[in-house]
file run_35.cif (mmCIF, C-alpha atoms)
data_work
#
loop_
_atom_site.group_PDB
_atom_site.id
_atom_site.type_symbol
_atom_site.label_atom_id
_atom_site.label_comp_id
_atom_site.auth_asym_id
_atom_site.auth_seq_id
_atom_site.Cartn_x
_atom_site.Cartn_y
_atom_site.Cartn_z
ATOM 1 C CA MET A 1 13.398 -15.167 61.662
ATOM 2 C CA LEU A 2 10.112 -13.616 60.608
ATOM 3 C CA SER A 3 8.861 -14.958 57.318
ATOM 4 C CA PRO A 4 6.226 -13.412 55.001
ATOM 5 C CA LYS A 5 2.972 -15.332 54.712
ATOM 6 C CA SER A 6 -0.630 -14.466 54.021
ATOM 7 C CA VAL A 7 -3.316 -15.621 56.409
ATOM 8 C CA ALA A 8 -6.931 -14.427 56.415
ATOM 9 C CA TRP A 9 -8.766 -14.863 59.700
ATOM 10 C CA GLU A 10 -12.508 -15.381 59.625
ATOM 11 C CA HIS A 11 -13.396 -12.605 62.085
ATOM 12 C CA PRO A 12 -13.462 -9.077 60.601
ATOM 13 C CA CYS A 13 -13.570 -7.239 63.935
ATOM 14 C CA PHE A 14 -11.151 -4.309 64.177
ATOM 15 C CA ASP A 15 -9.717 -4.264 67.680
ATOM 16 C CA PHE A 16 -7.324 -1.728 69.114
ATOM 17 C CA ILE A 17 -5.711 -4.507 71.110
ATOM 18 C CA SER A 18 -3.698 -5.076 67.954
ATOM 19 C CA MET A 19 -2.622 -1.449 67.638
ATOM 20 C CA THR A 20 -1.796 -1.181 71.327
ATOM 21 C CA ALA A 21 0.211 -4.393 71.346
ATOM 22 C CA LEU A 22 2.205 -3.408 68.281
ATOM 23 C CA PHE A 23 3.109 0.040 69.584
ATOM 24 C CA LYS A 24 4.040 -0.533 73.207
ATOM 25 C CA GLN A 25 7.197 -2.644 73.062
ATOM 26 C CA GLY A 26 6.858 -4.481 69.820
ATOM 27 C CA CYS A 27 4.223 -7.107 69.169
ATOM 28 C CA ASP A 28 4.826 -9.615 71.966
ATOM 29 C CA ALA A 29 1.198 -10.141 73.094
ATOM 30 C CA SER A 30 1.994 -8.904 76.617
ATOM 31 C CA VAL A 31 -1.259 -6.913 76.569
ATOM 32 C CA LEU A 32 -3.238 -10.176 76.480
ATOM 33 C CA LEU A 33 -1.893 -11.472 79.800
ATOM 34 C CA ASP A 34 -4.239 -11.432 82.790
ATOM 35 C CA ASP A 35 -2.999 -10.279 86.194
ATOM 36 C CA THR A 36 -1.266 -12.870 88.365
ATOM 37 C CA ASP A 37 0.165 -13.030 91.879
ATOM 38 C CA THR A 38 3.599 -12.060 90.538
ATOM 39 C CA PHE A 39 2.784 -9.162 88.197
ATOM 40 C CA THR A 40 0.026 -6.760 87.266
ATOM 41 C CA GLY A 41 -0.699 -6.874 83.556
ATOM 42 C CA GLU A 42 -1.445 -4.093 81.099
ATOM 43 C CA LYS A 43 -5.202 -4.428 80.773
ATOM 44 C CA THR A 44 -5.807 -2.054 83.695
ATOM 45 C CA SER A 45 -3.348 0.652 82.624
ATOM 46 C CA PHE A 46 -4.760 4.142 82.139
ATOM 47 C CA PRO A 47 -4.935 3.968 78.318
ATOM 48 C CA ASN A 48 -6.371 0.418 78.318
ATOM 49 C CA ALA A 49 -8.789 0.131 81.260
ATOM 50 C CA ASN A 50 -12.411 -0.207 80.138
ATOM 51 C CA SER A 51 -11.279 0.580 76.581
ATOM 52 C CA LEU A 52 -9.584 -2.463 75.039
ATOM 53 C CA ARG A 53 -11.986 -5.040 73.688
ATOM 54 C CA GLY A 54 -11.850 -8.119 71.526
ATOM 55 C CA PHE A 55 -9.941 -10.432 73.863
ATOM 56 C CA ASP A 56 -12.547 -13.120 73.240
ATOM 57 C CA VAL A 57 -11.924 -12.851 69.484
ATOM 58 C CA ILE A 58 -8.210 -13.526 69.999
ATOM 59 C CA ASP A 59 -9.033 -16.385 72.392
ATOM 60 C CA ASN A 60 -11.279 -17.976 69.781
ATOM 61 C CA ILE A 61 -8.665 -17.718 67.036
ATOM 62 C CA LYS A 62 -5.966 -19.098 69.301
ATOM 63 C CA SER A 63 -8.135 -22.035 70.368
ATOM 64 C CA LYS A 64 -8.759 -22.982 66.750
ATOM 65 C CA MET A 65 -5.081 -22.683 65.887
ATOM 66 C CA GLU A 66 -4.091 -24.889 68.832
ATOM 67 C CA ASN A 67 -6.558 -27.528 67.663
ATOM 68 C CA MET A 68 -5.114 -27.427 64.142
ATOM 69 C CA CYS A 69 -1.388 -27.090 64.900
ATOM 70 C CA PRO A 70 -0.521 -27.044 68.625
ATOM 71 C CA GLY A 71 2.352 -24.846 69.745
ATOM 72 C CA VAL A 72 3.027 -23.301 66.327
ATOM 73 C CA VAL A 73 1.178 -19.977 65.988
ATOM 74 C CA SER A 74 1.937 -17.368 68.638
ATOM 75 C CA CYS A 75 -0.528 -14.930 70.139
ATOM 76 C CA ALA A 76 1.759 -12.145 68.911
ATOM 77 C CA ASP A 77 1.412 -13.294 65.305
ATOM 78 C CA ILE A 78 -2.347 -13.525 65.719
ATOM 79 C CA LEU A 79 -2.425 -9.895 66.889
ATOM 80 C CA ALA A 80 -0.286 -8.728 63.982
ATOM 81 C CA LEU A 81 -2.549 -10.510 61.517
ATOM 82 C CA ALA A 82 -5.695 -9.255 63.256
ATOM 83 C CA ALA A 83 -4.514 -5.663 62.864
ATOM 84 C CA ARG A 84 -3.955 -6.127 59.130
ATOM 85 C CA ASP A 85 -7.075 -8.145 58.330
ATOM 86 C CA SER A 86 -9.461 -6.028 60.392
ATOM 87 C CA VAL A 87 -8.274 -2.868 58.627
ATOM 88 C CA ALA A 88 -8.756 -4.586 55.260
ATOM 89 C CA ALA A 89 -12.211 -5.871 56.239
ATOM 90 C CA LEU A 90 -13.333 -2.316 56.991
ATOM 91 C CA GLY A 91 -12.050 -0.879 53.716
ATOM 92 C CA GLY A 92 -8.350 -0.229 54.321
ATOM 93 C CA GLN A 93 -5.337 -1.475 52.392
ATOM 94 C CA ARG A 94 -3.640 -4.743 53.295
ATOM 95 C CA TRP A 95 0.063 -4.971 54.072
ATOM 96 C CA GLU A 96 2.515 -7.838 54.305
ATOM 97 C CA VAL A 97 2.733 -9.464 57.724
ATOM 98 C CA GLN A 98 5.908 -11.351 58.534
ATOM 99 C CA LEU A 99 5.408 -14.248 60.914
ATOM 100 C CA GLY A 100 7.542 -16.007 63.465
ATOM 101 C CA ARG A 101 7.031 -13.851 66.564
ATOM 102 C CA ARG A 102 7.045 -15.395 70.009
ATOM 103 C CA ASP A 103 5.072 -14.331 73.066
ATOM 104 C CA SER A 104 6.374 -12.496 76.120
ATOM 105 C CA THR A 105 6.393 -14.231 79.501
ATOM 106 C CA THR A 106 5.547 -11.107 81.461
ATOM 107 C CA ALA A 107 3.807 -7.741 81.181
ATOM 108 C CA SER A 108 4.409 -4.276 82.585
ATOM 109 C CA LEU A 109 1.695 -1.973 83.882
ATOM 110 C CA ALA A 110 4.259 0.816 84.245
ATOM 111 C CA ASP A 111 5.438 0.528 80.646
ATOM 112 C CA SER A 112 1.877 0.514 79.382
ATOM 113 C CA ASN A 113 1.133 3.705 81.309
ATOM 114 C CA THR A 114 4.188 5.516 79.956
ATOM 115 C CA ASP A 115 4.723 4.112 76.447
ATOM 116 C CA LEU A 116 1.274 4.601 74.950
ATOM 117 C CA PRO A 117 0.518 8.170 73.771
ATOM 118 C CA ALA A 118 -2.033 9.771 76.090
ATOM 119 C CA PRO A 119 -5.181 11.406 74.680
ATOM 120 C CA PHE A 120 -4.261 14.658 76.440
ATOM 121 C CA LEU A 121 -0.910 15.157 74.696
ATOM 122 C CA ASP A 122 -0.127 18.288 72.704
ATOM 123 C CA LEU A 123 1.539 18.009 69.288
ATOM 124 C CA ASN A 124 5.101 18.092 70.620
ATOM 125 C CA GLY A 125 4.265 15.336 73.082
ATOM 126 C CA LEU A 126 2.822 13.181 70.317
ATOM 127 C CA ILE A 127 5.862 13.695 68.117
ATOM 128 C CA SER A 128 8.160 12.808 71.024
ATOM 129 C CA ALA A 129 6.188 9.664 71.925
ATOM 130 C CA PHE A 130 6.406 8.362 68.377
ATOM 131 C CA GLU A 131 10.044 9.365 67.969
ATOM 132 C CA LYS A 132 10.873 7.076 70.903
ATOM 133 C CA LYS A 133 9.634 4.213 68.716
ATOM 134 C CA ASN A 134 11.575 5.514 65.699
ATOM 135 C CA PHE A 135 8.560 6.961 63.903
ATOM 136 C CA THR A 136 8.636 10.332 62.173
ATOM 137 C CA ALA A 137 6.099 13.092 62.702
ATOM 138 C CA LYS A 138 4.646 12.208 59.302
ATOM 139 C CA GLU A 139 4.206 8.573 60.324
ATOM 140 C CA MET A 140 2.624 9.718 63.594
ATOM 141 C CA VAL A 141 -0.033 11.651 61.672
ATOM 142 C CA THR A 142 -0.583 8.630 59.437
ATOM 143 C CA LEU A 143 -0.926 6.118 62.270
ATOM 144 C CA SER A 144 -3.283 8.457 64.137
ATOM 145 C CA GLY A 145 -5.691 7.736 61.287
ATOM 146 C CA ALA A 146 -6.457 4.445 63.049
ATOM 147 C CA HIS A 147 -8.980 6.605 64.896
ATOM 148 C CA THR A 148 -11.126 6.563 61.780
ATOM 149 C CA VAL A 149 -12.729 3.565 63.507
ATOM 150 C CA GLY A 150 -13.228 2.647 67.143
ATOM 151 C CA LEU A 151 -14.798 4.019 70.302
ATOM 152 C CA VAL A 152 -13.478 6.146 73.149
ATOM 153 C CA ARG A 153 -14.623 6.654 76.736
ATOM 154 C CA CYS A 154 -16.302 9.889 77.823
ATOM 155 C CA SER A 155 -13.693 10.455 80.547
ATOM 156 C CA LEU A 156 -10.994 10.790 77.882
ATOM 157 C CA PHE A 157 -12.693 13.568 75.900
ATOM 158 C CA ARG A 158 -14.918 15.356 78.433
ATOM 159 C CA ALA A 159 -12.437 18.199 78.970
ATOM 160 C CA ARG A 160 -12.262 18.824 75.233
ATOM 161 C CA ILE A 161 -15.988 19.059 74.543
ATOM 162 C CA TYR A 162 -16.689 21.266 77.587
ATOM 163 C CA ASN A 163 -13.577 23.428 77.943
ATOM 164 C CA GLU A 164 -11.705 23.783 74.635
ATOM 165 C CA THR A 165 -12.355 26.494 72.086
ATOM 166 C CA ASN A 166 -10.858 24.952 68.909
ATOM 167 C CA ILE A 167 -13.919 22.768 68.442
ATOM 168 C CA ASP A 168 -17.046 23.077 66.315
ATOM 169 C CA PRO A 169 -19.732 24.199 68.820
ATOM 170 C CA SER A 170 -22.452 22.076 67.243
ATOM 171 C CA PHE A 171 -20.182 19.032 67.337
ATOM 172 C CA ALA A 172 -19.342 19.668 70.994
ATOM 173 C CA ALA A 173 -23.024 19.956 71.837
ATOM 174 C CA SER A 174 -23.852 16.686 70.080
ATOM 175 C CA MET A 175 -21.042 14.840 71.902
ATOM 176 C CA GLN A 176 -22.211 16.239 75.241
ATOM 177 C CA GLN A 177 -25.482 14.354 74.872
ATOM 178 C CA ASN A 178 -23.707 11.063 75.569
ATOM 179 C CA CYS A 179 -20.987 12.501 77.796
ATOM 180 C CA PRO A 180 -22.410 14.591 80.644
ATOM 181 C CA PHE A 181 -20.305 17.057 82.605
ATOM 182 C CA GLU A 182 -20.528 14.714 85.583
ATOM 183 C CA GLY A 183 -20.932 10.940 85.480
ATOM 184 C CA GLY A 184 -21.012 8.637 82.493
ATOM 185 C CA ASP A 185 -17.237 8.181 82.471
ATOM 186 C CA ASN A 186 -17.495 4.866 80.644
ATOM 187 C CA ASN A 187 -20.019 5.978 78.045
ATOM 188 C CA PHE A 188 -18.583 5.346 74.590
ATOM 189 C CA SER A 189 -18.624 7.539 71.509
ATOM 190 C CA PRO A 190 -16.950 6.969 68.124
ATOM 191 C CA PHE A 191 -13.667 8.725 67.380
ATOM 192 C CA ASP A 192 -15.097 9.400 63.917
ATOM 193 C CA SER A 193 -18.785 10.244 64.169
ATOM 194 C CA THR A 194 -19.159 10.442 60.382
ATOM 195 C CA THR A 195 -18.348 6.850 59.361
ATOM 196 C CA PRO A 196 -17.377 5.166 62.653
ATOM 197 C CA PHE A 197 -17.052 1.635 61.287
ATOM 198 C CA VAL A 198 -15.474 2.315 57.897
ATOM 199 C CA PHE A 199 -11.739 2.646 57.359
ATOM 200 C CA ASP A 200 -11.641 5.848 55.306
ATOM 201 C CA ASN A 201 -10.323 9.408 55.520
ATOM 202 C CA ALA A 202 -13.309 10.936 57.352
ATOM 203 C CA TYR A 203 -11.132 11.216 60.476
ATOM 204 C CA TYR A 204 -8.972 13.823 58.730
ATOM 205 C CA GLN A 205 -11.975 15.587 57.251
ATOM 206 C CA ASN A 206 -13.315 15.899 60.785
ATOM 207 C CA LEU A 207 -10.049 17.429 62.011
ATOM 208 C CA VAL A 208 -10.182 20.110 59.303
ATOM 209 C CA ARG A 209 -13.699 20.926 60.504
ATOM 210 C CA LYS A 210 -12.520 21.066 64.159
ATOM 211 C CA ARG A 211 -14.413 17.882 64.939
ATOM 212 C CA GLY A 212 -11.597 15.852 66.446
ATOM 213 C CA LEU A 213 -13.038 14.183 69.524
ATOM 214 C CA ILE A 214 -9.969 13.895 71.758
ATOM 215 C CA HIS A 215 -7.471 16.651 72.440
ATOM 216 C CA SER A 216 -4.476 14.842 70.927
ATOM 217 C CA ASP A 217 -6.319 14.223 67.654
ATOM 218 C CA GLN A 218 -7.225 17.860 67.086
ATOM 219 C CA GLN A 219 -3.602 18.806 67.782
ATOM 220 C CA LEU A 220 -2.782 17.443 64.322
ATOM 221 C CA PHE A 221 -4.744 20.287 62.733
ATOM 222 C CA VAL A 222 -4.748 23.635 64.484
ATOM 223 C CA ASN A 223 -5.600 26.525 62.201
ATOM 224 C CA GLY A 224 -4.334 25.577 58.763
ATOM 225 C CA SER A 225 -0.755 26.633 59.396
ATOM 226 C CA GLY A 226 0.464 24.137 61.994
ATOM 227 C CA PRO A 227 3.421 21.833 61.252
ATOM 228 C CA THR A 228 1.178 18.845 60.490
ATOM 229 C CA ASP A 229 -1.835 20.714 59.084
ATOM 230 C CA SER A 230 -0.751 20.259 55.470
ATOM 231 C CA GLN A 231 -0.566 16.483 55.781
ATOM 232 C CA VAL A 232 -3.989 16.350 57.439
ATOM 233 C CA SER A 233 -5.420 18.468 54.613
ATOM 234 C CA THR A 234 -3.865 16.169 52.004
ATOM 235 C CA TYR A 235 -5.326 13.058 53.627
ATOM 236 C CA SER A 236 -8.736 14.736 53.959
ATOM 237 C CA ARG A 237 -8.816 15.095 50.163
ATOM 238 C CA ASN A 238 -6.920 11.961 49.108
ATOM 239 C CA MET A 239 -8.147 8.745 50.704
ATOM 240 C CA GLY A 240 -5.931 6.544 48.540
ATOM 241 C CA ARG A 241 -2.818 8.349 49.715
ATOM 242 C CA PHE A 242 -3.815 7.896 53.356
ATOM 243 C CA LYS A 243 -4.551 4.183 52.956
ATOM 244 C CA LYS A 244 -1.230 3.543 51.202
ATOM 245 C CA ASP A 245 0.772 5.491 53.808
ATOM 246 C CA PHE A 246 -1.098 3.771 56.643
ATOM 247 C CA ALA A 247 -0.304 0.318 55.292
ATOM 248 C CA ASP A 248 3.379 1.249 54.968
ATOM 249 C CA ALA A 249 3.513 2.625 58.514
ATOM 250 C CA MET A 250 1.749 -0.424 59.930
ATOM 251 C CA PHE A 251 4.219 -2.730 58.219
ATOM 252 C CA LYS A 252 7.012 -0.806 59.940
ATOM 253 C CA MET A 253 5.191 -0.967 63.272
ATOM 254 C CA SER A 254 4.689 -4.720 62.936
ATOM 255 C CA LEU A 255 8.488 -5.165 62.926
ATOM 256 C CA LEU A 256 9.122 -3.337 66.214
ATOM 257 C CA THR A 257 11.471 -5.460 68.370
ATOM 258 C CA PRO A 258 9.720 -8.836 67.986
ATOM 259 C CA LEU A 259 10.680 -11.796 70.146
ATOM 260 C CA THR A 260 12.081 -14.529 67.904
ATOM 261 C CA GLY A 261 14.293 -17.598 68.092
ATOM 262 C CA SER A 262 14.502 -18.910 71.653
ATOM 263 C CA ASP A 263 13.244 -15.687 73.260
ATOM 264 C CA GLY A 264 9.834 -15.827 74.876
ATOM 265 C CA GLN A 265 7.486 -18.718 74.194
ATOM 266 C CA ILE A 266 4.436 -19.716 72.186
ATOM 267 C CA ARG A 267 1.603 -19.587 74.690
ATOM 268 C CA THR A 268 -1.055 -22.251 74.666
ATOM 269 C CA ASN A 269 -3.532 -19.785 76.169
ATOM 270 C CA CYS A 270 -2.982 -16.132 75.280
ATOM 271 C CA ARG A 271 -4.109 -14.981 78.734
ATOM 272 C CA VAL A 272 -1.525 -16.914 80.751
ATOM 273 C CA VAL A 273 2.125 -17.895 80.533
ATOM 274 C CA ASN A 274 2.719 -21.589 79.880
#
call {"tool": "encode", "arguments": {"input": "run_35.cif", "output": "structure tokens"}}
result
Amino acid sequence: MLSPKSVAWEHPCFDFISMTALFKQGCDASVLLDDTDTFTGEKTSFPNANSLRGFDVIDNIKSKMENMCPGVVSCADILALAARDSVAALGGQRWEVQLGRRDSTTASLADSNTDLPAPFLDLNGLISAFEKKNFTAKEMVTLSGAHTVGLVRCSLFRARIYNETNIDPSFAASMQQNCPFEGGDNNFSPFDSTTPFVFDNAYYQNLVRKRGLIHSDQQLFVNGSGPTDSQVSTYSRNMGRFKKDFADAMFKMSLLTPLTGSDGQIRTNCRVVN
């Protein structure tokens, strides 16, 4: 059973490892596993390669927990708590985290490539991807607000800033400075160029101004009359509403098919199976 507790970790870093791990197949810490001779992990999948960071933060937390209470706190619980506390540290609203998850004993490169919403998806594709995890279109728009912080590789938004027309020309030009037409694939830019390290509603304000950096983000706001445009407009004006809805959606995400009881294990080292 998962039980509600409150734990505040010392490191305020927001890492999308937490978001990725929670979304893919429930929070089972499979994304933390390194490749082995018997399986290829998820770190090199298309959405994750050269993008996920913060593994050392999780390693440090896990090491301290093992020194304090060996074999008790799972890597999956650490990820769930890291998602909550990093959002709170950057200005977002906290949510209850229920504990008691166990860690997976394997990982799937194929699942990681297919389960995580791609940055090139249109609106219908986004809605479908989230529906597969039992999230509504409204919750999809809410959870997309995680892009109010974080960085993204040039290769994932180059087509948008050079080829798409539903983009502020001055914004496209500014993003092109760090993302050339050729080369620089791994150059990073913030999803939210306004307040890139603050958890606020600037992400939605940017979408209204046609300043969404990746294609899938701008799909949430097309021309003021799209099916999700109204929600984006509301969040752009009401930060409190966004933060409350985000916390509620993250609580739901944290409960996606966790391993409990005798399933899985509690890893000693988050990178390898015991």
call {"tool": "atom_distance", "arguments": {"input": "run_35.cif", "atom1": "CA of Asp229 in chain A", "atom2": "CA of Asp200 in chain A"}}
result
18.2 Å
call {"tool": "resolve_selection", "arguments": {"input": "run_35.cif", "expression": "the PyMOL selection byres ((chain A and resi 239) around 12)", "output": "list in words"}}
result
Gly91, Gly92, Gln93, Thr142, Gly145, Thr148, Phe199, Asp200, Asn201, Ala202, Tyr203, Tyr204, Gln205, Gln231, Val232, Ser233, Thr234, Tyr235, Ser236, Arg237, Asn238, Gly240, Arg241, Phe242, Lys243, Lys244, Asp245 and Phe246 of chain A
call {"tool": "atom_distance", "arguments": {"input": "run_35.cif", "atom1": "CA of Gly71 in chain A", "atom2": "CA of Gly264 in chain A"}}
result
12.8 Å
call {"tool": "residues_near_point", "arguments": {"input": "run_35.cif", "point": "(-10.0, 10.4, 68.8)", "cutoff": "6 Å", "atoms": "all atoms listed in the file", "output": "number ranges by chain"}}
result
A: 147, 191, 213-214, 217
call {"tool": "residues_near_point", "arguments": {"input": "run_35.cif", "point": "(6.2, -7.8, 80.9)", "cutoff": "9 Å", "atoms": "all atoms listed in the file", "output": "PyMOL selection string"}}
result
chain A and resi 30-31+33+39-42+104-109+111
call {"tool": "closest_residue", "arguments": {"input": "run_35.cif", "among": "A:Leu207, A:Ala80, A:Thr268, A:Ser262", "to": "Trp95 in chain A", "atoms": "all atoms listed in the file"}}
result
A:Ala80
call {"tool": "closest_residue", "arguments": {"input": "run_35.cif", "among": "A:Leu126, A:Ile161, A:Phe188, A:Thr38", "to": "Leu143 in chain A", "atoms": "only C-alpha atoms"}}
result
A:Leu126
call {"tool": "resolve_selection", "arguments": {"input": "run_35.cif", "expression": "the PyMOL selection byres ((chain A and resi 189) around 6)", "output": "list of chain:residue names"}}
result
A:Leu151, A:Val152, A:Phe188, A:Pro190
call {"tool": "atom_distance", "arguments": {"input": "run_35.cif", "atom1": "CA of Val141 in chain A", "atom2": "CA of His215 in chain A"}}
result
14.0 Å
call {"tool": "closest_residue", "arguments": {"input": "run_35.cif", "among": "A:Arg158, A:Gly125, A:Val57, A:Leu90", "to": "Ile78 in chain A", "atoms": "only C-alpha atoms"}}
result
A:Val57
call {"tool": "resolve_selection", "arguments": {"input": "run_35.cif", "expression": "the PyMOL selection byres ((chain A and resi 59) around 10)", "output": "list in words"}}
result
Leu32, Gly54, Phe55, Asp56, Val57, Ile58, Asn60, Ile61, Lys62, Ser63, Lys64, Met65, Cys75, Ile78, Asn269, Cys270 and Arg271 of chain A
call {"tool": "closest_residue", "arguments": {"input": "run_35.cif", "among": "A:Leu121, A:Cys27, A:Leu52, A:Leu79", "to": "Gln218 in chain A", "atoms": "all atoms listed in the file"}}
result
A:Leu121
call {"tool": "closest_residue", "arguments": {"input": "run_35.cif", "among": "A:Asn134, A:Ser225, A:Thr257, A:Gln219", "to": "Ile167 in chain A", "atoms": "only C-alpha atoms"}}
result
A:Gln219
call {"tool": "closest_residue", "arguments": {"input": "run_35.cif", "among": "A:Asp103, A:Glu131, A:Ala88, A:Asn67", "to": "Val272 in chain A", "atoms": "all atoms listed in the file"}}
result
A:Asp103
